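What's in entry-v4.txt: compact mmCIF, C-alpha atoms
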# COMPACT_ATOMS: atom_id res chain seq x y z
CA MET A 11 -79.87 98.54 -7.85
CA ASN A 12 -79.20 101.75 -5.96
CA ARG A 13 -81.58 103.40 -3.49
CA GLU A 14 -82.98 105.82 -6.03
CA MET A 15 -83.82 103.03 -8.47
CA LYS A 16 -85.49 100.93 -5.78
CA ILE A 17 -87.70 103.83 -4.74
CA GLY A 18 -88.32 104.66 -8.38
CA LEU A 19 -89.84 101.22 -8.94
CA LEU A 20 -92.15 101.68 -5.96
CA GLU A 21 -93.14 105.11 -7.21
CA THR A 22 -93.94 103.83 -10.70
CA MET A 23 -96.08 101.00 -9.32
CA LEU A 24 -97.97 103.37 -7.03
CA LYS A 25 -98.61 105.77 -9.90
CA ILE A 26 -100.03 102.96 -12.03
CA ARG A 27 -102.17 101.51 -9.23
CA LYS A 28 -103.69 104.81 -8.20
CA ALA A 29 -104.30 105.89 -11.78
CA GLU A 30 -106.09 102.62 -12.52
CA LEU A 31 -108.28 102.78 -9.42
CA GLN A 32 -109.12 106.39 -10.24
CA LEU A 33 -110.04 105.41 -13.80
CA ALA A 34 -112.30 102.67 -12.41
CA VAL A 35 -114.30 105.31 -10.53
CA MET A 36 -114.34 107.60 -13.56
CA PHE A 37 -115.60 104.74 -15.70
CA LYS A 38 -118.54 104.06 -13.38
CA ASN A 39 -119.36 107.76 -13.46
CA GLY A 40 -119.50 107.89 -17.23
CA LYS A 41 -116.30 109.84 -17.79
CA ILE A 42 -114.79 107.26 -20.13
CA PRO A 43 -116.62 106.82 -23.44
CA SER A 44 -114.91 103.53 -24.36
CA GLY A 45 -114.39 100.34 -22.42
CA ALA A 46 -111.56 100.13 -19.91
CA HIS A 47 -109.20 97.24 -19.18
CA LEU A 48 -107.29 97.89 -15.99
CA TYR A 49 -103.85 96.70 -14.89
CA GLU A 50 -104.32 96.44 -11.11
CA GLY A 51 -102.02 93.79 -9.67
CA GLU A 52 -99.73 93.59 -12.70
CA GLU A 53 -97.76 96.78 -12.03
CA ALA A 54 -94.46 95.05 -11.26
CA ILE A 55 -94.10 93.95 -14.87
CA ALA A 56 -94.36 97.34 -16.58
CA ALA A 57 -92.34 99.00 -13.81
CA GLY A 58 -89.55 96.41 -13.71
CA VAL A 59 -89.15 96.07 -17.47
CA CYS A 60 -89.37 99.75 -18.39
CA ALA A 61 -86.90 100.75 -15.67
CA ASN A 62 -84.26 99.17 -17.94
CA LEU A 63 -85.22 101.22 -20.97
CA ARG A 64 -83.93 104.50 -22.35
CA THR A 65 -86.26 107.15 -23.72
CA ASP A 66 -85.37 106.13 -27.29
CA ASP A 67 -86.17 102.46 -26.68
CA GLN A 68 -89.60 101.57 -27.95
CA ILE A 69 -92.51 99.52 -26.63
CA THR A 70 -95.72 98.11 -27.99
CA SER A 71 -98.50 97.62 -25.50
CA THR A 72 -101.92 96.06 -25.30
CA HIS A 73 -105.57 96.82 -24.58
CA ARG A 74 -104.45 96.74 -20.90
CA GLY A 75 -101.84 99.37 -21.57
CA HIS A 76 -102.17 102.30 -19.18
CA GLY A 77 -99.43 100.95 -16.92
CA HIS A 78 -96.96 100.56 -19.77
CA CYS A 79 -97.48 104.19 -20.78
CA ILE A 80 -96.80 105.46 -17.27
CA ALA A 81 -93.80 103.17 -16.80
CA LYS A 82 -92.33 104.36 -20.12
CA GLY A 83 -92.54 107.94 -18.95
CA MET A 84 -95.90 109.30 -20.00
CA GLU A 85 -97.29 111.83 -17.57
CA PRO A 86 -100.33 110.29 -15.85
CA ARG A 87 -102.46 113.30 -16.76
CA ARG A 88 -101.77 112.86 -20.48
CA MET A 89 -102.64 109.17 -20.21
CA MET A 90 -105.80 109.80 -18.19
CA ALA A 91 -106.95 112.62 -20.45
CA GLU A 92 -106.54 110.34 -23.46
CA VAL A 93 -108.57 107.58 -21.79
CA CYS A 94 -111.28 110.19 -21.19
CA ALA A 95 -111.09 111.22 -24.88
CA LYS A 96 -109.95 114.75 -24.05
CA SER A 97 -107.93 117.04 -26.33
CA THR A 98 -105.11 117.23 -23.78
CA GLY A 99 -104.47 113.49 -24.04
CA CYS A 100 -101.38 112.00 -25.70
CA CYS A 101 -103.29 111.57 -28.98
CA SER A 102 -105.46 114.65 -28.46
CA GLY A 103 -108.32 112.48 -27.29
CA LYS A 104 -108.90 110.74 -30.59
CA GLY A 105 -107.22 107.47 -29.73
CA GLY A 106 -108.51 106.58 -26.32
CA THR A 107 -107.39 103.74 -24.11
CA MET A 108 -106.59 101.32 -26.92
CA HIS A 109 -104.78 103.72 -29.26
CA MET A 110 -102.32 105.60 -27.07
CA PHE A 111 -99.11 106.61 -28.79
CA ASP A 112 -96.22 108.91 -27.99
CA PRO A 113 -93.23 108.22 -30.27
CA SER A 114 -91.19 110.91 -28.48
CA ILE A 115 -90.92 108.58 -25.47
CA GLY A 116 -91.08 105.32 -27.43
CA VAL A 117 -94.71 104.44 -26.73
CA MET A 118 -95.61 102.90 -30.07
CA GLY A 119 -99.16 102.06 -29.23
CA THR A 120 -101.50 100.45 -26.75
CA ILE A 121 -102.80 98.12 -29.40
CA GLY A 122 -106.26 96.64 -28.91
CA ILE A 123 -105.80 93.72 -31.30
CA VAL A 124 -104.56 90.72 -29.31
CA GLY A 125 -101.02 89.94 -30.48
CA GLY A 126 -101.03 92.98 -32.72
CA GLY A 127 -98.03 94.60 -31.08
CA MET A 128 -95.63 91.72 -31.61
CA PRO A 129 -95.03 92.07 -35.38
CA ILE A 130 -94.74 95.83 -34.90
CA ALA A 131 -92.11 95.42 -32.18
CA THR A 132 -90.29 92.96 -34.44
CA GLY A 133 -90.25 95.62 -37.15
CA LEU A 134 -89.06 98.24 -34.68
CA GLY A 135 -86.22 95.89 -33.76
CA LEU A 136 -85.34 95.41 -37.42
CA ALA A 137 -85.33 99.18 -37.90
CA ALA A 138 -83.01 99.66 -34.91
CA LYS A 139 -80.63 97.07 -36.33
CA LEU A 140 -80.66 98.46 -39.88
CA GLN A 141 -80.08 101.96 -38.53
CA GLY A 142 -77.05 100.69 -36.65
CA THR A 143 -78.27 101.82 -33.24
CA ASP A 144 -78.32 99.88 -29.99
CA ARG A 145 -81.95 100.83 -29.39
CA VAL A 146 -84.21 97.96 -28.32
CA ALA A 147 -87.91 97.23 -28.70
CA VAL A 148 -90.14 95.59 -26.10
CA SER A 149 -93.49 94.00 -26.83
CA PHE A 150 -95.91 93.41 -23.97
CA PHE A 151 -98.66 90.86 -24.56
CA GLY A 152 -100.76 88.37 -22.64
CA ASP A 153 -101.02 84.62 -22.26
CA GLY A 154 -103.84 84.55 -24.79
CA ALA A 155 -101.68 86.24 -27.42
CA SER A 156 -99.01 83.57 -27.06
CA ASN A 157 -101.37 81.19 -28.87
CA ASN A 158 -101.71 83.65 -31.71
CA GLY A 159 -99.85 83.13 -35.00
CA ALA A 160 -98.25 86.55 -34.73
CA PHE A 161 -96.38 85.40 -31.62
CA HIS A 162 -94.76 82.44 -33.37
CA GLU A 163 -93.94 84.32 -36.57
CA SER A 164 -92.44 87.22 -34.61
CA LEU A 165 -90.23 85.04 -32.43
CA ASN A 166 -89.02 83.04 -35.41
CA MET A 167 -88.06 86.09 -37.43
CA ALA A 168 -86.51 87.96 -34.51
CA SER A 169 -84.35 85.00 -33.54
CA LEU A 170 -83.36 84.25 -37.14
CA TRP A 171 -82.20 87.82 -37.69
CA LYS A 172 -80.98 88.37 -34.12
CA LEU A 173 -83.20 91.40 -33.65
CA PRO A 174 -83.01 93.50 -30.47
CA VAL A 175 -86.52 92.68 -29.26
CA ILE A 176 -87.76 91.60 -25.84
CA TYR A 177 -91.08 89.78 -25.83
CA VAL A 178 -92.71 90.16 -22.43
CA CYS A 179 -95.59 87.77 -21.86
CA GLU A 180 -97.79 88.99 -19.02
CA ASN A 181 -99.35 85.68 -18.06
CA ASN A 182 -102.27 86.98 -15.99
CA GLN A 183 -104.03 83.60 -16.19
CA PHE A 184 -106.93 84.77 -18.34
CA ALA A 185 -107.63 85.51 -21.97
CA THR A 186 -110.88 87.42 -21.44
CA SER A 187 -112.83 84.66 -19.63
CA VAL A 188 -110.68 81.68 -20.60
CA SER A 189 -108.25 80.34 -18.04
CA VAL A 190 -104.75 79.72 -19.37
CA LYS A 191 -105.17 76.15 -18.14
CA ARG A 192 -107.92 75.66 -20.72
CA SER A 193 -106.06 77.30 -23.58
CA THR A 194 -102.41 76.37 -23.24
CA PRO A 195 -100.99 72.84 -22.91
CA ILE A 196 -97.74 73.85 -21.20
CA GLU A 197 -97.01 75.16 -17.73
CA ASP A 198 -94.40 77.77 -18.69
CA ILE A 199 -94.99 79.78 -21.85
CA SER A 200 -91.30 80.72 -21.87
CA VAL A 201 -90.36 77.19 -23.03
CA ARG A 202 -91.68 78.17 -26.45
CA ALA A 203 -88.46 80.17 -26.89
CA ILE A 204 -86.56 76.89 -27.27
CA GLY A 205 -88.42 76.15 -30.48
CA TYR A 206 -87.06 79.33 -31.99
CA GLY A 207 -83.50 78.99 -30.73
CA MET A 208 -83.71 81.99 -28.45
CA SER A 209 -83.48 82.73 -24.74
CA GLY A 210 -86.58 82.29 -22.61
CA VAL A 211 -87.18 82.72 -18.92
CA THR A 212 -90.14 82.62 -16.52
CA VAL A 213 -90.22 84.93 -13.51
CA ASP A 214 -92.67 85.89 -10.77
CA GLY A 215 -94.41 88.85 -12.34
CA ASN A 216 -95.51 90.14 -8.94
CA LYS A 217 -91.90 90.61 -7.80
CA VAL A 218 -90.46 93.72 -9.36
CA ASP A 219 -86.88 92.72 -8.54
CA GLU A 220 -87.39 89.59 -10.64
CA THR A 221 -88.96 91.36 -13.59
CA TYR A 222 -86.26 94.04 -13.41
CA ALA A 223 -83.42 91.50 -13.38
CA ALA A 224 -84.85 89.42 -16.22
CA ALA A 225 -85.34 92.50 -18.34
CA ALA A 226 -81.83 93.76 -17.52
CA ASP A 227 -80.38 90.52 -18.93
CA ALA A 228 -82.60 90.64 -21.98
CA VAL A 229 -81.92 94.30 -22.75
CA ALA A 230 -78.14 93.75 -22.42
CA ARG A 231 -78.37 90.76 -24.79
CA ALA A 232 -80.38 92.77 -27.30
CA ARG A 233 -78.04 95.80 -27.16
CA ARG A 234 -74.93 93.74 -27.79
CA GLY A 235 -76.52 92.15 -30.85
CA ASP A 236 -77.18 88.70 -29.42
CA GLY A 237 -80.86 88.67 -30.30
CA PRO A 238 -84.26 88.48 -28.70
CA THR A 239 -85.55 87.10 -25.39
CA LEU A 240 -88.93 85.81 -24.31
CA ILE A 241 -89.74 86.70 -20.71
CA GLU A 242 -92.84 85.19 -19.15
CA CYS A 243 -94.05 87.07 -16.08
CA LYS A 244 -96.58 85.08 -14.08
CA THR A 245 -99.19 87.29 -12.48
CA TYR A 246 -102.93 87.47 -11.93
CA ARG A 247 -105.59 89.74 -13.39
CA ILE A 248 -107.25 91.09 -10.25
CA ARG A 249 -110.13 92.86 -12.00
CA GLY A 250 -112.51 91.56 -14.62
CA HIS A 251 -111.37 91.53 -18.23
CA PHE A 252 -113.01 94.94 -18.62
CA GLU A 253 -114.76 97.21 -16.15
CA GLY A 254 -118.25 95.78 -15.71
CA ASP A 255 -117.12 92.17 -16.19
CA ASP A 256 -118.34 90.38 -13.09
CA ALA A 257 -115.90 87.52 -13.79
CA ILE A 258 -118.24 84.73 -12.73
CA TYR A 259 -115.89 82.26 -14.42
CA ARG A 260 -113.63 82.22 -11.36
CA SER A 261 -114.09 82.06 -7.60
CA LYS A 262 -113.85 84.97 -5.20
CA GLU A 263 -111.45 82.88 -3.11
CA GLU A 264 -109.09 82.61 -6.07
CA VAL A 265 -109.13 86.38 -6.55
CA GLN A 266 -108.61 86.98 -2.82
CA ALA A 267 -105.62 84.63 -2.79
CA ALA A 268 -104.13 86.60 -5.67
CA ARG A 269 -104.76 89.91 -3.89
CA GLU A 270 -102.63 88.66 -1.04
CA ARG A 271 -99.68 88.48 -3.40
CA ASP A 272 -99.87 92.21 -4.02
CA PRO A 273 -96.77 93.42 -5.90
CA ILE A 274 -96.74 96.82 -4.19
CA GLU A 275 -96.99 95.32 -0.69
CA TYR A 276 -94.20 92.92 -1.61
CA TRP A 277 -91.82 95.62 -2.76
CA LYS A 278 -92.73 97.99 0.04
CA ASN A 279 -91.85 95.27 2.56
CA VAL A 280 -88.56 94.54 0.81
CA LEU A 281 -87.60 98.21 0.99
CA LEU A 282 -88.71 98.53 4.63
CA GLY A 283 -86.80 95.35 5.46
CA ASP A 284 -83.49 96.40 3.92
CA GLY A 285 -83.70 99.92 5.35
CA THR A 286 -84.14 101.67 1.98
CA ILE A 287 -87.23 103.47 3.27
CA SER A 288 -88.99 104.05 6.57
CA GLU A 289 -92.72 103.75 7.24
CA GLN A 290 -92.88 107.54 7.15
CA ASP A 291 -91.09 107.64 3.78
CA PHE A 292 -93.77 105.31 2.42
CA ILE A 293 -96.61 107.40 3.82
CA ASP A 294 -95.05 110.53 2.26
CA LEU A 295 -94.53 108.88 -1.11
CA ASN A 296 -98.04 107.45 -1.09
CA GLU A 297 -99.49 110.87 -0.30
CA LYS A 298 -97.42 112.52 -3.04
CA ILE A 299 -98.63 110.05 -5.67
CA GLU A 300 -102.20 110.28 -4.38
CA GLN A 301 -102.12 114.02 -5.03
CA LEU A 302 -100.45 113.64 -8.42
CA ILE A 303 -103.17 111.25 -9.59
CA ALA A 304 -106.00 113.31 -8.10
CA GLN A 305 -104.66 116.33 -10.01
CA ALA A 306 -104.32 114.23 -13.17
CA ALA A 307 -107.93 113.10 -12.85
CA GLN A 308 -109.10 116.67 -12.37
CA PHE A 309 -107.04 117.77 -15.37
CA ALA A 310 -108.63 115.01 -17.49
CA ASP A 311 -112.10 115.83 -16.23
CA GLU A 312 -111.81 119.56 -16.85
CA SER A 313 -110.12 119.35 -20.26
CA SER A 314 -112.22 119.84 -23.36
CA TYR A 315 -113.09 117.30 -26.03
CA PRO A 316 -111.37 117.63 -29.39
CA THR A 317 -113.11 119.87 -31.90
CA PRO A 318 -113.92 119.15 -35.57
CA GLU A 319 -110.86 121.28 -36.44
CA ASP A 320 -108.70 118.74 -34.60
CA ALA A 321 -109.88 115.89 -36.81
CA LEU A 322 -106.92 115.91 -39.20
CA LYS A 323 -104.26 116.56 -36.57
CA LEU A 324 -101.90 113.63 -35.96
CA CYS A 325 -102.94 112.05 -39.26
CA GLY A 326 -100.68 111.14 -42.14
CA GLY A 327 -97.63 110.25 -40.07
CA ASN A 328 -96.04 113.70 -40.20
CA PRO A 329 -94.04 113.94 -36.95
CA SER A 330 -94.28 117.73 -36.99
CA LEU A 331 -97.99 117.36 -36.28
CA LEU A 332 -97.45 115.48 -33.05
CA VAL A 333 -99.01 117.19 -30.08
CA LYS A 334 -96.47 118.12 -27.45
CA MET B 16 -118.03 115.38 2.21
CA ALA B 17 -121.19 114.06 0.61
CA ASN B 18 -120.69 111.87 -2.45
CA VAL B 19 -123.40 110.95 -4.93
CA VAL B 20 -123.57 107.33 -6.05
CA VAL B 21 -124.96 107.02 -9.56
CA MET B 22 -126.35 104.10 -11.51
CA PRO B 23 -122.93 103.01 -12.78
CA ARG B 24 -122.11 102.64 -16.39
CA SER B 25 -120.76 99.11 -15.96
CA GLY B 26 -119.94 98.22 -19.52
CA GLN B 27 -119.51 99.92 -22.82
CA THR B 28 -123.02 99.12 -24.07
CA MET B 29 -124.91 99.70 -20.83
CA GLU B 30 -127.43 102.55 -20.98
CA GLU B 31 -129.69 101.71 -18.07
CA GLY B 32 -129.80 99.33 -15.15
CA THR B 33 -132.19 98.15 -12.47
CA ILE B 34 -131.55 97.84 -8.77
CA VAL B 35 -131.86 94.25 -7.62
CA GLU B 36 -130.98 94.75 -3.98
CA TRP B 37 -129.37 97.25 -1.64
CA LEU B 38 -126.75 95.49 0.47
CA LYS B 39 -126.69 98.35 2.97
CA LYS B 40 -129.51 100.37 4.50
CA GLU B 41 -129.65 104.05 5.31
CA GLY B 42 -127.49 104.81 8.32
CA ASP B 43 -125.12 101.91 7.76
CA PRO B 44 -121.40 102.69 7.77
CA ILE B 45 -119.59 101.71 4.59
CA GLN B 46 -115.98 101.41 3.51
CA SER B 47 -114.64 102.09 0.05
CA GLY B 48 -114.45 98.70 -1.69
CA GLU B 49 -117.32 97.18 0.29
CA PRO B 50 -120.30 95.76 -1.67
CA LEU B 51 -123.09 98.35 -1.71
CA VAL B 52 -125.76 97.40 -4.20
CA VAL B 53 -126.60 94.70 -6.73
CA ILE B 54 -127.67 96.01 -10.10
CA MET B 55 -128.82 94.28 -13.26
CA SER B 56 -127.20 95.58 -16.43
CA ASP B 57 -128.01 94.61 -20.00
CA LYS B 58 -125.78 91.60 -19.52
CA ALA B 59 -125.67 90.39 -15.94
CA ASN B 60 -126.24 91.02 -12.27
CA LEU B 61 -123.35 92.97 -10.84
CA GLU B 62 -122.35 93.57 -7.25
CA ILE B 63 -121.24 97.19 -7.11
CA GLU B 64 -118.66 98.19 -4.53
CA SER B 65 -118.65 101.57 -2.88
CA ASP B 66 -116.04 104.04 -4.04
CA TYR B 67 -116.48 106.06 -0.86
CA THR B 68 -116.06 105.59 2.87
CA GLY B 69 -118.65 107.03 5.25
CA VAL B 70 -122.28 106.42 6.06
CA LEU B 71 -125.02 105.57 3.58
CA LYS B 72 -127.08 108.69 4.19
CA LYS B 73 -129.82 108.36 1.62
CA ILE B 74 -131.10 105.76 -0.83
CA LEU B 75 -132.74 107.46 -3.78
CA ALA B 76 -133.98 104.48 -5.81
CA GLY B 77 -134.84 100.85 -5.29
CA PRO B 78 -135.91 97.62 -6.98
CA ASP B 79 -139.41 99.01 -7.64
CA ASP B 80 -138.08 101.82 -9.81
CA GLY B 81 -137.45 99.61 -12.84
CA ASP B 82 -134.98 100.73 -15.47
CA ILE B 83 -132.83 103.63 -14.33
CA GLU B 84 -130.71 105.54 -16.82
CA CYS B 85 -126.97 105.26 -16.21
CA LEU B 86 -125.44 108.12 -14.22
CA THR B 87 -128.75 108.86 -12.44
CA PRO B 88 -128.13 109.39 -8.70
CA ILE B 89 -129.23 106.37 -6.64
CA ALA B 90 -127.70 107.12 -3.24
CA VAL B 91 -125.68 109.57 -1.18
CA ILE B 92 -122.77 108.66 1.05
CA GLY B 93 -121.56 111.22 3.58
CA GLU B 94 -120.17 111.57 7.06
CA LEU B 95 -122.06 110.47 10.16
CA ASP B 96 -123.21 113.87 11.42
CA GLU B 97 -123.15 115.63 8.10
CA VAL B 98 -126.19 117.72 7.19
CA ILE B 99 -126.73 117.39 3.47
CA ASN B 100 -128.73 119.70 1.25
CA LEU B 101 -129.97 117.08 -1.20
CA ASN B 102 -131.45 119.51 -3.71
CA ALA B 103 -128.21 121.43 -4.00
CA LEU B 104 -126.14 118.27 -4.14
CA LEU B 105 -128.25 116.69 -6.88
CA ALA B 106 -128.81 119.87 -8.88
CA GLU B 107 -125.97 119.17 -11.29
CA TYR B 108 -127.40 115.75 -12.13
CA LYS B 109 -130.55 117.10 -13.75

Here is the file; what I need is its structure written in the form of structure tokens.
Amino acid sequence: MNREMKIGLLETMLKIRKAELQLAVMFKNGKIPSGAHLYEGEEAIAAGVCANLRTDDQITSTHRGHGHCIAKGMEPRRMMAEVCAKSTGCCSGKGGTMHMFDPSIGVMGTIGIVGGGMPIATGLGLAAKLQGTDRVAVSFFGDGASNNGAFHESLNMASLWKLPVIYVCENNQFATSVSVKRSTPIEDISVRAIGYGMSGVTVDGNKVDETYAAAADAVARARRGDGPTLIECKTYRIRGHFEGDDAIYRSKEEVQAARERDPIEYWKNVLLGDGTISEQDFIDLNEKIEQLIAQAAQFADESSYPTPEDALKLCGGNPSLLVK
Amino acid sequence: MANVVVMPRSGQTMEEGTIVEWLKKEGDPIQSGEPLVVIMSDKANLEIESDYTGVLKKILAGPDDGDIECLTPIAVIGELDEVINLNALLAEYK
């Protein structure tokens, strides 16, 4: 990884973190008409995986999908405006947090249905293969979704047909309120890959160098036609399942311990340690992103809601209708 | 700069909440992220953290006020020596 890429990962993680914390405040203040599931503490997964992707590569995301959109190249202001249901959002405010799409950059949906993105990503992989391209598809999903039938069917089909798909399990320890220890009888979800004759690996999802390296391997395998990979990224969901979830099903000590494994602090210290950046570089970068997100929030806040005339825009699958 | 704390909308279905307990009193310094107030929503008691750093200048509602509509101002956080025109500040919340 060269210097620019290392700093790029830090920048992506900072963008995601600050956008999420800003959205948390906006939620409390009634600016977000839907629920909100935030990605704080899991940034190293979206950042590390998507840094390996080209614009034409495609992803499916989840209800906790703001970070994936940013990492795949969506401008924070278009993401935040969409979450606030404003006409300047990526789906002109009609999708909201759990229906964010932008096919022009390969964001094929922050899909609210648990496990819902996996069959879609499998189909995207099949399309890439049939079209004779070396495009790949990535599906992000959680530990809860790995117990869903769609997970098993998708892995089986993708491995059988050697589809260029990377299944990225964000094991954040909780499916809503249920600990993974109470839902899943194995320690590493990645071992399930063995049952489908495909590659599987578990990495520390709070270390962006690990998520980056695992995804680099998987993307290379997919591009050369050697089939899918299951990557399990172990992390921790710092916030409640949704904003307003007081998460009484776990101890404050457990959350505090997880906070101390902060992925941004980790990567910042790596880059300070190897001389990639100085303390001042970090302060400057942090300030730059702070301003970017503050401006994005203001843009979202000041934008207008869609009008009745907008109702049929983006419907019917005609790409010419996509809002730019 | 003075910031208005509102009865938070802490959940998609929450329309009003009650104040169970203020964890800070007027004049106390507060950091962003520090617990400020306990509220009761339609589902549970929630400890609400401050989004602002400064001094808790004014508490506008308490446990005796019963159900308070979401987004109603409940407190003001500002700087130590800041003089705040409450009427002007709260005008947009009518």

Each residue of chain B lying at most 6 Å from chain A should get a row with its shortest atom-to-atom pair and the distance in Å to one decimal, counting all atoms listed in the file; could you produce that, ordered by chain and increasing number, as a Markdown table?
| residue | atom | partner | partner_atom | distance |
| --- | --- | --- | --- | --- |
| B:Pro23 | CA | A:Lys38 | CA | 4.6 |
| B:Arg24 | CA | A:Lys38 | CA | 4.9 |
| B:Ser25 | CA | A:Gly254 | CA | 4.2 |
| B:Gly26 | CA | A:Gly254 | CA | 4.8 |
| B:Gln27 | CA | A:Gly45 | CA | 5.2 |

Take the residues that were just selected and, keeping C-alpha atoms, output them as a compact mmCIF listing (two decimals), in the coordinates of the input.
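Below is the file out07.txt, written as the result:
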# COMPACT_ATOMS: atom_id res chain seq x y z
CA PRO B 23 -122.93 103.01 -12.78
CA ARG B 24 -122.11 102.64 -16.39
CA SER B 25 -120.76 99.11 -15.96
CA GLY B 26 -119.94 98.22 -19.52
CA GLN B 27 -119.51 99.92 -22.82

Counting all atoms listed in the file, what is within 8 Å of stretch 95-108 of chain A, bar same-chain residues fewer than 2 positions away, as an mmCIF file with C-alpha atoms, in the coordinates of the input?
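The file below, around_34.cif, is the result:
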data_model
loop_
_atom_site.group_PDB
_atom_site.id
_atom_site.type_symbol
_atom_site.label_atom_id
_atom_site.label_comp_id
_atom_site.auth_asym_id
_atom_site.auth_seq_id
_atom_site.Cartn_x
_atom_site.Cartn_y
_atom_site.Cartn_z
ATOM 1 C CA ILE A 42 -114.790 107.260 -20.130
ATOM 2 C CA PRO A 43 -116.620 106.820 -23.440
ATOM 3 C CA SER A 44 -114.910 103.530 -24.360
ATOM 4 C CA GLY A 45 -114.390 100.340 -22.420
ATOM 5 C CA ALA A 46 -111.560 100.130 -19.910
ATOM 6 C CA THR A 72 -101.920 96.060 -25.300
ATOM 7 C CA HIS A 73 -105.570 96.820 -24.580
ATOM 8 C CA ARG A 74 -104.450 96.740 -20.900
ATOM 9 C CA GLY A 75 -101.840 99.370 -21.570
ATOM 10 C CA HIS A 76 -102.170 102.300 -19.180
ATOM 11 C CA ARG A 87 -102.460 113.300 -16.760
ATOM 12 C CA ARG A 88 -101.770 112.860 -20.480
ATOM 13 C CA MET A 89 -102.640 109.170 -20.210
ATOM 14 C CA MET A 90 -105.800 109.800 -18.190
ATOM 15 C CA ALA A 91 -106.950 112.620 -20.450
ATOM 16 C CA GLU A 92 -106.540 110.340 -23.460
ATOM 17 C CA VAL A 93 -108.570 107.580 -21.790
ATOM 18 C CA MET A 110 -102.320 105.600 -27.070
ATOM 19 C CA PHE A 111 -99.110 106.610 -28.790
ATOM 20 C CA ASP A 112 -96.220 108.910 -27.990
ATOM 21 C CA GLY A 119 -99.160 102.060 -29.230
ATOM 22 C CA THR A 120 -101.500 100.450 -26.750
ATOM 23 C CA ILE A 121 -102.800 98.120 -29.400
ATOM 24 C CA GLY A 122 -106.260 96.640 -28.910
ATOM 25 C CA ALA A 310 -108.630 115.010 -17.490
ATOM 26 C CA SER A 313 -110.120 119.350 -20.260
ATOM 27 C CA SER A 314 -112.220 119.840 -23.360
ATOM 28 C CA TYR A 315 -113.090 117.300 -26.030
ATOM 29 C CA PRO A 316 -111.370 117.630 -29.390
ATOM 30 C CA LEU A 324 -101.900 113.630 -35.960
ATOM 31 C CA VAL A 333 -99.010 117.190 -30.080
#

- Message: When you look at stretch 32-44 of chain B with a cut-off of 6 Å (counting all atoms listed in the file), what residues show up, excluding the ones that are within fewer than 4 positions of it in the same chain? I need them as a PyMOL selection string.
- Response: chain B and resi 51-56+69-73+77-78+81-83

Could the centre and edge lengths of an axis-aligned box, enclosing all atoms of stretch 91-101 of chain B in the file with 6 Å extra on each side, be given in Å to one decimal as JSON?
{"center_x": -125.1, "center_y": 114.2, "center_z": 5.1, "size_x": 21.8, "size_y": 23.0, "size_z": 24.6}

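Atom pair atom CA of A:Asp272 / atom CA of A:Arg64 has a distance of 27.2 Å (rounded to one decimal).
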